[in-house]
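Text of the file entry_3.txt, holding compact mmCIF, C-alpha atoms:
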```txt
# COMPACT_ATOMS: atom_id res chain seq x y z
CA MET A 877 0.00 0.00 0.00
CA LYS A 878 1.36 3.30 -0.93
CA PHE A 879 0.54 6.43 0.96
CA ARG A 880 0.58 9.57 -0.89
CA THR A 881 2.98 12.04 0.61
CA PRO A 882 1.08 14.97 2.02
CA PRO A 883 1.31 17.96 -0.27
CA ARG A 884 3.62 20.71 0.90
CA ARG A 885 1.61 23.42 2.53
CA GLN A 886 1.87 26.41 0.42
CA MET A 887 1.31 29.95 1.52
CA THR A 888 -1.64 31.22 -0.39
CA ASP A 889 -0.89 34.26 -2.41
CA ASN A 890 -3.25 36.66 -0.68
CA THR A 891 -1.42 36.49 2.65
CA ILE A 892 1.41 38.68 1.40
CA PRO A 893 -0.73 41.80 0.77
CA LEU A 894 -2.25 41.29 4.20
CA ILE A 895 1.18 41.34 5.78
CA ASN A 896 2.06 44.43 3.80
CA ILE A 897 -0.96 46.31 5.04
CA VAL A 898 -0.45 45.21 8.61
CA PHE A 899 3.18 46.25 8.42
CA LEU A 900 2.24 49.67 7.09
CA MET A 901 -0.30 50.14 9.85
CA LEU A 902 2.27 49.12 12.42
CA ILE A 903 4.74 51.67 11.11
CA PHE A 904 2.04 54.35 11.03
CA PHE A 905 1.06 53.81 14.64
CA LEU A 906 4.70 53.62 15.66
CA PHE A 907 5.51 57.01 14.22
CA ALA A 908 2.27 58.96 14.48
CA GLY A 909 1.24 58.05 18.00
CA SER A 910 3.05 58.47 21.22
CA VAL A 911 3.03 55.82 23.87
CA ALA A 912 3.58 58.27 26.74
CA ARG A 913 0.71 58.34 29.18
CA ASP A 914 -1.73 61.15 28.52
CA ASP A 915 -2.69 62.47 31.93
CA ALA A 916 -4.85 65.23 30.51
CA ARG A 917 -7.25 62.90 28.76
CA ARG A 918 -9.88 63.28 31.45
CA ILE A 919 -10.25 66.99 30.65
CA THR A 920 -10.35 69.11 27.53
CA PRO A 921 -7.63 71.76 27.81
CA PRO A 922 -8.34 75.21 26.35
CA GLU A 923 -7.64 75.80 22.71
CA MET A 924 -4.99 78.13 21.44
CA ILE A 925 -4.38 79.03 17.84
CA GLN A 926 -0.81 80.04 18.39
CA ASP A 927 1.81 77.48 17.62
CA ASP A 928 4.25 76.73 20.34
CA GLU A 929 6.40 73.85 21.41
CA ASN A 930 4.74 70.52 21.82
CA ILE A 931 4.54 69.34 25.35
CA ARG A 932 3.59 66.12 27.07
CA SER A 933 0.93 65.98 29.69
CA THR A 934 2.55 63.11 31.57
CA GLY A 935 3.01 64.15 35.17
CA ALA A 936 1.18 67.45 34.82
CA LEU A 937 -1.16 68.79 37.46
CA ILE A 938 -4.70 68.37 36.16
CA ILE A 939 -7.43 70.74 37.32
CA ALA A 940 -10.70 69.01 36.52
CA GLY A 941 -13.01 71.01 38.77
CA GLU A 942 -13.21 72.87 41.98
CA GLN A 943 -11.08 71.04 44.56
CA GLU A 944 -10.64 68.31 41.97
CA LEU A 945 -6.97 67.94 41.21
CA TYR A 946 -5.19 64.98 39.74
CA LEU A 947 -1.52 64.16 39.63
CA GLU A 948 -0.43 61.07 37.70
CA ASP A 949 -4.06 59.92 37.45
CA LYS A 950 -4.62 60.02 41.18
CA PRO A 951 -6.66 62.65 43.04
CA VAL A 952 -4.48 64.88 45.14
CA THR A 953 -4.80 67.95 47.27
CA LEU A 954 -3.07 71.13 46.20
CA GLU A 955 -0.65 70.93 49.12
CA ALA A 956 0.32 67.37 48.25
CA ALA A 957 0.88 68.33 44.60
CA ILE A 958 3.11 71.22 45.61
CA ALA A 959 5.04 69.02 48.00
CA ALA A 960 5.48 66.35 45.34
CA HIS A 961 6.73 68.91 42.85
CA LEU A 962 9.19 70.42 45.28
CA ALA A 963 10.38 66.96 46.30
CA LYS A 964 11.26 66.30 42.67
CA GLY A 965 13.54 69.31 42.73
CA GLY A 966 11.16 71.96 41.44
CA GLY A 967 11.68 73.12 37.90
CA LEU A 968 8.99 73.50 35.30
CA MET A 969 5.47 72.89 36.53
CA ARG A 970 2.89 71.93 33.95
CA VAL A 971 -0.74 72.67 34.69
CA ALA A 972 -3.70 71.59 32.60
CA ALA A 973 -7.11 73.00 33.34
CA GLU A 974 -10.52 72.18 31.95
CA ALA A 975 -11.44 74.84 29.40
CA THR A 976 -14.92 75.52 30.74
CA LEU A 977 -13.81 75.92 34.32
CA PRO A 978 -14.15 79.40 35.84
CA SER A 979 -10.85 81.16 35.45
CA ASP A 980 -10.86 82.10 39.13
CA GLN A 981 -10.24 78.49 40.09
CA LEU A 982 -7.22 78.30 37.82
CA GLU A 983 -5.93 81.55 39.27
CA ALA A 984 -6.39 80.27 42.81
CA VAL A 985 -4.23 77.26 41.99
CA LEU A 986 -1.67 79.39 40.16
CA SER A 987 -1.34 81.86 43.01
CA ALA A 988 -0.94 79.01 45.49
CA LEU A 989 1.82 77.58 43.31
CA THR A 990 3.53 80.95 43.06
CA ALA A 991 3.23 81.47 46.80
CA ALA A 992 4.92 78.11 47.32
CA GLY A 993 7.88 79.34 45.32
CA ILE A 994 7.19 77.57 42.03
CA LYS A 995 8.09 80.14 39.41
CA ASP A 996 8.13 78.28 36.12
CA ILE A 997 4.57 77.37 35.26
CA VAL A 998 3.17 76.53 31.85
CA LEU A 999 -0.41 75.88 30.93
CA ILE A 1000 -1.19 72.97 28.67
CA THR A 1001 -3.34 73.91 25.71
CA ARG A 1002 -4.69 72.19 22.66
CA LYS A 1003 -4.08 73.43 19.18
CA GLY A 1004 -7.21 74.84 17.67
CA GLN A 1005 -9.27 77.89 16.98
CA PRO A 1006 -11.11 79.03 20.10
CA ALA A 1007 -14.79 79.28 19.46
CA MET B 146 38.57 19.77 -2.97
CA ARG B 147 35.24 18.67 -1.70
CA PHE B 148 32.11 20.68 -1.67
CA GLU B 149 29.54 19.91 0.85
CA PRO B 150 26.28 19.01 -0.66
CA ARG B 151 23.83 21.85 -0.63
CA VAL B 152 21.37 21.60 2.19
CA LYS B 153 17.98 22.30 0.92
CA ARG B 154 16.35 24.66 3.37
CA ARG B 155 12.70 24.70 3.99
CA PRO B 156 11.24 28.17 3.56
CA VAL B 157 10.63 29.92 6.85
CA SER B 158 7.01 29.94 7.76
CA LEU B 159 5.55 33.40 7.67
CA THR B 160 2.83 32.60 10.13
CA SER B 161 4.83 33.35 13.24
CA LEU B 162 6.06 36.59 11.71
CA ILE B 163 2.49 37.66 11.06
CA ASP B 164 1.58 36.71 14.61
CA VAL B 165 4.25 38.92 16.07
CA ILE B 166 3.47 41.82 13.76
CA PHE B 167 -0.19 41.55 14.63
CA LEU B 168 0.61 41.63 18.31
CA LEU B 169 2.84 44.68 17.87
CA LEU B 170 0.18 46.40 15.81
CA LEU B 171 -2.46 45.74 18.45
CA TYR B 172 -0.19 47.03 21.17
CA PHE B 173 0.64 50.26 19.40
CA MET B 174 -2.93 50.82 18.29
CA LEU B 175 -4.24 50.54 21.82
CA ALA B 176 -1.40 52.20 23.69
CA SER B 177 -0.65 55.22 21.54
CA SER B 178 -2.42 58.51 21.89
CA PHE B 179 -2.67 61.14 19.20
CA SER B 180 -3.42 64.24 21.25
CA ARG B 181 -0.86 66.99 20.85
CA TYR B 182 -0.54 69.67 23.46
CA HIS B 183 1.09 73.05 23.34
CA GLN B 184 2.37 75.14 26.15
CA LEU B 185 1.49 78.64 27.27
CA PRO B 186 3.87 80.07 29.85
CA VAL B 187 2.06 81.78 32.70
CA SER B 188 5.01 82.16 34.99
CA SER B 189 5.34 85.54 36.62
CA ALA B 190 9.10 85.31 36.88
CA ALA B 191 11.25 88.42 36.62
CA ALA B 192 8.51 90.81 37.56
CA GLY B 193 10.73 93.85 37.41
CA ALA B 194 8.08 96.46 36.91
CA GLY B 195 8.98 98.50 39.90
CA ALA B 196 9.35 101.64 37.88
CA GLY B 197 6.00 102.91 38.94
CA ALA B 198 4.31 102.05 35.69
CA ARG B 199 0.66 101.52 36.25
CA PRO B 200 -0.55 98.38 34.53
CA ALA B 201 -3.45 98.61 32.18
CA LEU B 202 -6.38 96.65 33.48
CA LEU B 203 -8.01 94.28 31.08
CA ARG B 204 -11.14 92.81 32.58
CA LEU B 205 -12.74 89.69 31.19
CA HIS B 206 -16.40 89.16 31.88
CA GLY B 207 -16.90 85.99 29.93
CA GLU B 208 -18.79 85.27 26.72
CA GLY B 209 -16.41 87.48 24.78
CA LYS B 210 -17.11 90.60 26.82
CA MET B 211 -14.11 92.50 28.06
CA ASP B 212 -12.99 96.00 28.81
CA LEU B 213 -9.63 97.68 28.82
CA ASN B 214 -9.25 100.39 31.45
CA GLY B 215 -13.01 100.61 31.65
CA LEU B 216 -13.61 101.01 27.93
CA PRO B 217 -15.61 98.17 26.39
CA LEU B 218 -13.65 96.15 23.90
CA GLU B 219 -14.63 93.65 21.27
CA SER B 220 -12.57 90.49 21.22
CA ALA B 221 -11.91 91.11 17.52
CA ALA B 222 -10.37 94.48 18.37
CA LEU B 223 -8.19 93.06 21.12
CA GLU B 224 -5.09 92.83 18.98
CA ALA B 225 -5.28 96.48 17.94
CA ALA B 226 -5.92 97.56 21.52
CA LEU B 227 -2.88 95.64 22.74
CA ALA B 228 -0.57 97.08 20.09
CA PRO B 229 0.47 100.21 22.09
CA PHE B 230 1.78 97.95 24.85
CA ALA B 231 3.96 95.86 22.59
CA ASN B 232 7.64 95.33 23.23
CA ASP B 233 7.79 97.59 26.23
CA PRO B 234 8.68 95.80 29.45
CA LEU B 235 7.39 98.69 31.51
CA LYS B 236 3.92 98.52 30.05
CA ILE B 237 2.04 95.68 31.58
CA VAL B 238 -1.45 94.48 30.98
CA ALA B 239 -3.06 93.00 34.05
CA VAL B 240 -5.74 90.51 33.16
CA TRP B 241 -8.54 90.30 35.66
CA THR B 242 -11.22 87.71 35.25
CA GLY B 243 -14.72 88.06 36.49
CA PRO B 244 -16.88 85.22 37.71
CA GLY B 245 -18.24 84.56 34.24
CA ALA B 246 -14.89 84.10 32.55
CA ALA B 247 -13.72 80.59 31.79
CA VAL B 248 -10.19 79.29 31.49
CA GLN B 249 -10.62 79.37 27.73
CA ASP B 250 -11.20 83.14 27.78
CA SER B 251 -8.09 83.94 29.76
CA VAL B 252 -6.00 81.57 27.68
CA ALA B 253 -7.21 83.27 24.50
CA VAL B 254 -6.27 86.70 25.86
CA LEU B 255 -2.90 85.56 27.16
CA ALA B 256 -2.11 83.93 23.83
CA ALA B 257 -3.10 87.09 21.96
CA ALA B 258 -0.90 89.18 24.25
CA ARG B 259 1.99 86.81 23.75
CA LYS B 260 1.55 86.99 20.01
CA ALA B 261 1.54 90.78 20.13
CA GLY B 262 4.64 90.87 22.31
CA VAL B 263 2.80 92.31 25.29
CA LYS B 264 3.69 91.44 28.83
CA ALA B 265 0.44 90.27 30.37
CA VAL B 266 -0.08 88.95 33.85
CA LEU B 267 -3.04 87.19 35.34
CA VAL B 268 -4.16 88.79 38.54
CA SER B 269 -6.28 86.98 41.07
CA GLY B 270 -7.88 87.51 44.39
CA LEU B 271 -9.28 90.92 43.57
CA ASN B 272 -12.89 89.95 43.39
```
Taking this structure as input, can you express it in the form of structure tokens?
Amino acid sequence: MKFRTPPRRQMTDNTIPLINIVFLMLIFFLFAGSVARDDARRITPPEMIQDDENIRSTGALIIAGEQELYLEDKPVTLEAAIAAHLAKGGGLMRVAAEATLPSDQLEAVLSALTAAGIKDIVLITRKGQPA
Amino acid sequence: MRFEPRVKRRPVSLTSLIDVIFLLLLYFMLASSFSRYHQLPVSSAAAGAGAGARPALLRLHGEGKMDLNGLPLESAALEAALAPFANDPLKIVAVWTGPGAAVQDSVAVLAAARKAGVKAVLVSGLN
């Protein structure tokens, strides 16, 4: 009795275009996206038409509402955020505030930061035309 | 001289390659974020305006209403109104925000002042 040898499995032709597309998508996501954690995703920062340096929101102080501050995705008090910033050696402090929040609340936080001796503060904004 | 007989190699299976690429693609699709942020400096460092210059007071009342030194101002005319203060470190515009003004309003004004080369400071606690 003679068994037929199993035919060599052959890659069907339409797998190659699939790999091509998947490869292209991989390269697109590699270059266009950034893997750094986006701490400001829970809020919508104000829009600003002016072009300035890009900045990451990782580790920024997030002002989501009155008495509602987040640092590294965890709710904090203002005092704790200031202490954490000073413990890291000071330097540039990044603050992101919800666009629809009353400006007084932002100013209260900013003046507390300034009073604590933090001088370099930048606001995080989105690129866009303010309505 | 003896040549070794050619070893016939089986072609490498592409399936594992596709598996790995798929996994990488999934990872980058789910982990990457596309939001781009810009920065607006609000630091009040080097406040050396001790020369007795009185800052102009720009008050924001929200919903696009503002006044400069008491004179009502349209937000479209803001740039022209800020022009006399440009590039003069002694001329400061103090931005005061009323209860109706949102963060977006003050950011818009600060960005416009920065674009015009005007030194603008946010003032707080004067309500």
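Every residue of chain A that lies within 6 Å of chain B is listed here, counting all atoms listed in the file: Leu902, Phe905, Gly909, Ser910, Val911, Pro922, Asp928, Glu929, Asn930, Ile931, Ala975, Thr976, Leu977, Pro978, Ser979, Glu983, Lys995, Asp996, Ile997, Val998, Leu999, Ile1000, Thr1001 and Arg1002 of chain A.
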Distance query 10 Å from (-8.3, 73.0, 42.3) using only C-alpha atoms, result as a tab-separated table (two decimals) with C-alpha atoms, keeping the file's coordinate frame:
```tsv
chain	number	residue	atom	x	y	z
A	937	LEU	CA	-1.16	68.79	37.46
A	938	ILE	CA	-4.70	68.37	36.16
A	939	ILE	CA	-7.43	70.74	37.32
A	940	ALA	CA	-10.70	69.01	36.52
A	941	GLY	CA	-13.01	71.01	38.77
A	942	GLU	CA	-13.21	72.87	41.98
A	943	GLN	CA	-11.08	71.04	44.56
A	944	GLU	CA	-10.64	68.31	41.97
A	945	LEU	CA	-6.97	67.94	41.21
A	946	TYR	CA	-5.19	64.98	39.74
A	952	VAL	CA	-4.48	64.88	45.14
A	953	THR	CA	-4.80	67.95	47.27
A	954	LEU	CA	-3.07	71.13	46.20
A	973	ALA	CA	-7.11	73.00	33.34
A	980	ASP	CA	-10.86	82.10	39.13
A	981	GLN	CA	-10.24	78.49	40.09
A	982	LEU	CA	-7.22	78.30	37.82
A	983	GLU	CA	-5.93	81.55	39.27
A	984	ALA	CA	-6.39	80.27	42.81
A	985	VAL	CA	-4.23	77.26	41.99
A	986	LEU	CA	-1.67	79.39	40.16
```
Original post:
Quick one: distance from CA of Lys210 in chain B to CA of Ala988 in chain A in Å, one decimal?
Top reply: 27.3 Å
Please report, as AutoDock Vina command-line options, the centre and edge lengths in Å to one decimal of an axis-aligned box covering all listed atoms of range 943-962 of chain A with 8 Å per side.
```
--center_x -0.9 --center_y 65.6 --center_z 43.3 --size_x 36.3 --size_y 27.3 --size_z 27.7
```
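Put simply, CA of Thr934 in chain A is 5.3 Å away from CA of Asp915 in chain A.
Atom pair CA of Ala258 in chain B / CA of Ala226 in chain B: separated by 10.1 Å.
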